[in-house]
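A short worksheet on the structure shown next.
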Number of protein chains: 4
Amino acid sequence: MRVGVLTGGGDCPGLNAVIRGIVRKGTQEYGYDFVGFRDGWRGPLEGRSMRLDIPAVRGILPRGGTILGSSRTNPFKEEDGVRRIKETLAKHEVEALIAIGGEDTLGVASRLFTEHGVPCVGVPKTIDNDLSATDYTFGFDTAVGVATEAIDRLHTTAESHMRVLVVEVMGRHAGWIALHSGLAGGANVILIPEQRFDVGEVCRWIESRFKASYAPIVVVAEGAMPKDGDMVLKDGSTDSFGHVRLSGVGEWLAKEVEARTGKEARTTVLGHTQRGGTPSAFDRWLATRFGLHAIDAVRDADYGTMVALRGTDIVRVPLSEATAKLKTVDPALYAEVGVFFG
Amino acid sequence: MRVGVLTGGGDCPGLNAVIRGIVRKGTQEYGYDFVGFRDGWRGPLEGRSMRLDIPAVRGILPRGGTILGSSRTNPFKEEDGVRRIKETLAKHEVEALIAIGGEDTLGVASRLFTEHGVPCVGVPKTIDNDLSATDYTFGFDTAVGVATEAIDRLHTTAESHMRVLVVEVMGRHAGWIALHSGLAGGANVILIPEQRFDVGEVCRWIESRFKASYAPIVVVAEGAMPKDGDMVLKDGSTDSFGHVRLSGVGEWLAKEVEARTGKEARTTVLGHTQRGGTPSAFDRWLATRFGLHAIDAVRDADYGTMVALRGTDIVRVPLSEATAKLKTVDPALYAEVGVFFG
Amino acid sequence: MRVGVLTGGGDCPGLNAVIRGIVRKGTQEYGYDFVGFRDGWRGPLEGRSMRLDIPAVRGILPRGGTILGSSRTNPFKEEDGVRRIKETLAKHEVEALIAIGGEDTLGVASRLFTEHGVPCVGVPKTIDNDLSATDYTFGFDTAVGVATEAIDRLHTTAESHMRVLVVEVMGRHAGWIALHSGLAGGANVILIPEQRFDVGEVCRWIESRFKASYAPIVVVAEGAMPKDGDMVLKDGSTDSFGHVRLSGVGEWLAKEVEARTGKEARTTVLGHTQRGGTPSAFDRWLATRFGLHAIDAVRDADYGTMVALRGTDIVRVPLSEATAKLKTVDPALYAEVGVFFG
Amino acid sequence: MRVGVLTGGGDCPGLNAVIRGIVRKGTQEYGYDFVGFRDGWRGPLEGRSMRLDIPAVRGILPRGGTILGSSRTNPFKEEDGVRRIKETLAKHEVEALIAIGGEDTLGVASRLFTEHGVPCVGVPKTIDNDLSATDYTFGFDTAVGVATEAIDRLHTTAESHMRVLVVEVMGRHAGWIALHSGLAGGANVILIPEQRFDVGEVCRWIESRFKASYAPIVVVAEGAMPKDGDMVLKDGSTDSFGHVRLSGVGEWLAKEVEARTGKEARTTVLGHTQRGGTPSAFDRWLATRFGLHAIDAVRDADYGTMVALRGTDIVRVPLSEATAKLKTVDPALYAEVGVFFG
């Protein structure tokens with residue numbers, strides 16, 4: 001049996017660990033062959049593949065990124081896309097396909113399975129951790145760790161100069177990275193996309209910190225928005241994935257804070273450092289187990305499913321759940337953390 | 001209302017985060033006062049306490065260890081222990097006591113509550129992650145991270161000299177740290193206390209790695225034992241906590257491997273570096289939430305309980321569960337990871 | 001004998017290590033007393049001081065920032081500044097003053113000594129490493145380490161998407177951080193303030209990397225400028241220290257590269273994370289030794305001097321050298337590193 | 001022109017950076033070819049070589065160990081060794097040989113050049129930093145960093161239990177790693193091979209720390225010895241390099257301290273984690289520059305030399321200096337650091 005593997009969407013620490021888990025178990029336990037498709041769905045679409053065997057996955061566990069490359073190509077938006085994919089799979093004698101990716105990548109896998117009978121298994125990937133079907137996704141813990149370490153570093157510079165430091169972290173639609181890294185880093189204010197913030201309230205919190213002679217750290221998710229909606233974003237351009245770039249809230253906020261409180265404020269935008277580099281031990285564990293369980297789903301011919309974490313168990317859920325519902329920060333959890341503000 | 005807090009047993013990254021969470025929420029939300037008892041149960045036993053308010057917990061979130069100090073003192077083994085504890089609590093007008101600790105510390109809290117009506121709430125702490133009542137305990141993720149980073153480093157030295165490297169990690173009764181760090185670090189053999197190992201099989205795995213021109217890394221939990229039981233431990237002395245010191249399996253194994261395979265083998269014992277230093281972001285998150293929920297249990301007068309993690313939720317369980325059952329590595333999970341051996 | 005200590009200018013990992021070295025040796029070996037002046041020259045100017053003894057410096061070695069606070073206040077620009085400083089020193093019976101700071105802070109110390117007879121000893125501090133009088137300054141190694149780790153992380157994200165990544169690091173007038181972190185991080189292009197860059201050449205290098213199927217990493221110092229001088233900076237405002245803010249070259253360059261090569265390019269501005277947090281072992285060593293030697297200069301009444309590193313020795317040089325000459329990157333050294341470009 | 005490259009002796013972070021620097025500059029600037037000899041002098045002795053060109057050195061900069069492998073083989077101790085080496089070089093048409101290694105490896109290179117006219121250039125490598133000819137060797141900064149981070153972690157565990165922690169670091173003949181990491185980690189006692197220690201004095205220092213309510217950290221180099229010479233080492237066996245294994249001083253000392261002071265003491269032996277893994281930015285910089293300058297020495301036909309660091313410059317010195325004199329810790333420098341003891 002030959003199994004195809006591809007990775008789609010933004011890169012995420014742990015992708016290589018998934019691939020390695022799939023290939024090692026598939027080869028050693030089940031005697032499968034593998035073919036790697038390059039750059040997400042563009043690979044099977046354009047017939048671009050690479051060798052994927054045990055030597056190919058040697059040493060990749062601690063490496064960030066993906067040896068298969070990635071893209072945001074959507075075959076349903078390409079002329080004759082589905083037919084071309086099926087032809088590539090047939091040509092390579094691929095009998096099952098494992099797609100590792102986010103909402104878009106797995107949405108394609110779901111439709112390919114449901115509408116066209118392509119035997120797909122999914123592995124969920126979102127650095128933002130905003131997928132309801134699973135307790136955590138790999139990459140998230142690494143991103144939180146990078147952001148927390150940055151916040152740790154910024155505390156001392158804030159205190160030495162008694163400045164406000166605004167740290168902008170990833171999270172367009174969900175505030176998980178902001179919430180976890182903000183709490184872990186001892187931030188004094190955390191702003192998330194789920195709840196529009198009131199700049200006046202933020203400034204009052206900041207001033208109360210100064211009174212207690214703290215230098216305040218504000219962590220803001222890139223997708224957070226002010227209540228009054230008067231934020232002028234740096235640009236409204238879309239990135240290569242078709243998403244509107246919301247970067248700019250950090251800088252905007254620092255200027256507002258300076259203007260309203262008279263305190264010096266500085267912004268740091270953590271950017272891509274959050275999604276690159278070696279995965280944390282937690283993410284290597286989770287990603288490897290996702291890979292081991294994905295190849296088991298193939299062995300069981302349990303197509304149309306994806307693997308997910310529930311507590312400490314890996315389970316299978318329908319692929320359709322991948323795109324079902326955004327997992328956002330519960331107001332109760334946000335309130336729980338709010339005890340550290342102000 | 002005045003609440004007492006103490007930390008008992010071995011130190012563990014995240015203890016300070018729990019204390020900070022308790023004190024900040026208790027003070028700001030509920031208006032409670034706090035008194036810190038020093039060095040575990042020895043504190044209330046000997047009337048040793050310290051100030052515990054918001055300034056006292058400032059800046060402690062990223063710091064390992066415990067500002068309250070710790071010990072393994074057991075008041076039930078001390079003359080008149082229970083009476084002396086009750087007197088100290090009465091003297092300080094303490095109406096509730098939060099005990100943060102492992103099996104022994106919480107076992108005392110459980111008996112004090114059940115047998116003597118002392119209003120106790122528990123927060124579980126075991127770096128070994130071997131408590132059934134909770135999915136994870138804080139400190140464990142930090143220990144796994146430290147061990148994984150060490151294994152990452154050892155790979156290059158193993159490969160440059162084509163040596164066997166044996167890494168001994170913590171875990172007297174359960175192999176969680178060995179399993180997680182071994183998998184995350186790409187170890188080729190992982191030996192845990194739950195399953196006696198066969199030295200001959202380990203040597204065959206090692207030889208198969210050399211044939212594939214890998215330099216093997218063996219991760220062994222300090223409590224792992226060979227099948228044939230012929231291991232002569234370095235010493236049979238007990239440490240200050242009354243446990244038999246099992247250190248020595250790493251060194252013993254390296255010598256056996258050298259003798260049987262003719263390959264050079266070296267041991268590294270990670271030791272106390274695994275339990276000290278700044279907690280990981282994951283552990284700061286978990287420990288802080290444990291603290292926030294422990295003070296809620298006090299507010300609800302829900303004594304005799306302890307907080308626990310289930311999935312992504314913090315729940316309350318009876319204190320007696322803290323000592324109920326050791327959570328060991330399931331043979332199925334060990335087999336799952338076994339695909340990377342040999 | 002009582003000695004005053006102050007820290008001025010931007011914060012820098014290692015400041016606390018200097019202070020600790022001064023206080024411990026001064027107290028234990030020479031029996032001196034100390035007084036800490038707060039927030040740079042503003043401290044003696046406004047009579048703001050703090051206790052500075054052995055308990056006060058306990059535990060500060062690994063902490064970034066400065067327990068004394070910092071500012072850019074220049075007493076020569078303040079009404080009656082010198083007289084007020086001399087009054088404060090007299091009032092505290094301070095017989096010698098150790099100033100830890102950069103060009104501006106030490107320039108004040110130099111004038112106070114030369115023109116007004118104030119017995120000053122200097123410790124040089126510049127995170128940018130741009131001081132001719134010393135081989136290295138503390139803080140620089142930490143900044144290079146933070147930047148290198150970020151570049152390491154960015155490689156995998158660049159490769160997974162075959163993007164250009166532009167990393168903007170500190171360095172307004174000198175390219176030391178860019179050069180060291182760029183070389184250590186395996187960057188493909190390094191742009192420094194010392195040599196105006198040719199965007200066309202940069203784009204050719206980038207294209208040659210893509211042809212070799214690398215994803216290029218460009219490291220650019222914040223003070224680097226294009227040859228043709230047509231860069232429109234984000235803003236021309238000055239920061240609180242009176243310097244023009246040159247931030248923006250990274251973003252500008254990424255847009256130029258996208259426009260000229262058609263390749264996707266992203267920017268990461270590392271910002272304040274480079275100057276905060278725990279100092280590297282190298283910086284703790286250097287900073288501590290600077291402190292130990294500064295107090296020796298006081299003991300020798302060798303005023304008007306500052307400590308400096310030459311090879312592995314700490315020497316004393318005239319304070320005037322602190323401001324004498326900017327240490328910029330030698331064209332020969334830049335050319336040496338250039339072998340990795342293109 | 002074809003140039004041979006080999007790495008000998010114990011592995012050391014930065015070896016790959018040297019190799020990469022040599023190959024990239026040699027290929028791109030001078031048009032040389034390269035051949036890599038495997039496992040130190042065993043490579044040319046047994047005719048074992050590998051491809052060494054630009055693709056072969058891709059991505060190795062941040063990787064520890066050496067892609068060429070290493071050994072302690074000494075051709076002068078092998079039958080007909082010199083003739084076999086000259087034959088291998090002739091067969092591969094190698095006109096110059098760059099040897100990267102320590103005292104032994106470079107001693108061979110020196111004799112091959114002086115006595116047999118083999119055109120050799122050396123790059124010095126010793127993780128212990130004990131070579132007089134150069135200010136620093138690469139690998140040392142990484143080792144100090146690993147040890148310092150471990151000491152940082154151990155502080156909190158020492159303090160939580162008020163224990164003595166003894167940390168044994170590398171350094172058989174010189175105390176550089178102990179001195180730098182001990183100072184940077186805030187150790188209270190540092191014991192080095194250069195000065196026999198008095199256990200009684202160490203115990204008095206420890207007791208004085210406890211009186212000031214510190215938990216003492218003792219850093220001891222593996223080669224440190226007590227004054228009275230009554231230490232019974234764990235074993236007197238020799239390792240594969242023919243050196244007597246001195247491991248054991250840490251454990252021995254902890255037992256002595258416990259016996260004499262009645263305080264609990266624990267040992268951590270850092271071992272191979274100090275010499276593996278990714279090099280620090282400092283070591284990548286130094287190692288890369290060593291490589292770039294070594295190939296320049298080849299271009300200049302300046303054989304019989306080795307590269308060395310003086311201040312911030314790379315210079316050439318006679319190969320014979322590599323083995324001339326051990327660089328030990330100066331008593332004055334040890335005394336300087338001694339201010340932090342007791």
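Each chain in the structure tokens gets a letter, A, B and so on, in the order shown; residues start at 1 in every chain, and ligands are counted from 1 in the order they appear.
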
Starting from chain D, keep only residues with some atom at most 12 Å from an atom of chain A, counting only C-alpha atoms, and report them as a tab-separated table (two decimals) with N, CA, C and O atoms, in the first residue's frame.
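That gives us iface30.tsv:
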chain	number	residue	atom	x	y	z
D	59	GLY	N	23.61	24.09	5.97
D	59	GLY	CA	22.81	23.88	7.17
D	59	GLY	C	23.58	23.38	8.38
D	59	GLY	O	22.97	23.08	9.41
D	62	PRO	N	24.59	25.74	12.63
D	62	PRO	CA	24.06	25.67	14.01
D	62	PRO	C	24.17	24.29	14.64
D	62	PRO	O	23.71	24.11	15.76
D	63	ARG	N	24.74	23.32	13.94
D	63	ARG	CA	24.75	21.96	14.49
D	63	ARG	C	26.02	21.64	15.25
D	63	ARG	O	27.13	21.92	14.80
D	277	GLY	N	25.48	19.80	21.22
D	277	GLY	CA	24.41	20.72	20.88
D	277	GLY	C	24.88	21.95	20.14
D	277	GLY	O	26.06	22.12	19.85
D	278	THR	N	23.92	22.80	19.85
D	278	THR	CA	24.17	23.97	19.01
D	278	THR	C	25.16	24.92	19.67
D	278	THR	O	25.08	25.18	20.86

Determine, counting only C-alpha atoms, which protein, DNA and RNA residues have an atom within 9 Å of an atom of D:Leu319; residues of the same chain fewer than 3 positions away are not included. Present the result as a PyMOL selection string.
chain D and resi 106-107+109-110+120-122+303-307+316+322-323

DSSP on the backbone: which residues in stretch 39-284 of chain B end up as strand (DSSP E)? Give the answer as a PyMOL selection string.
chain B and resi 49-51+96-101+120-124+164-169+189-191+217-221+265-269

Near B:Gly175, within 7 Å and counting only C-alpha atoms, which residues show up once chain neighbours fewer than 5 positions away are dropped, as a PyMOL selection string?
chain B and resi 192-194+221+329

Write out as an NGL selection string the set of residues from stretch 46-180 of chain A that DSSP, computed on the backbone, places in alpha helix (DSSP H).
:A and (46 or 81-91 or 103-116 or 140-161 or 176-180)
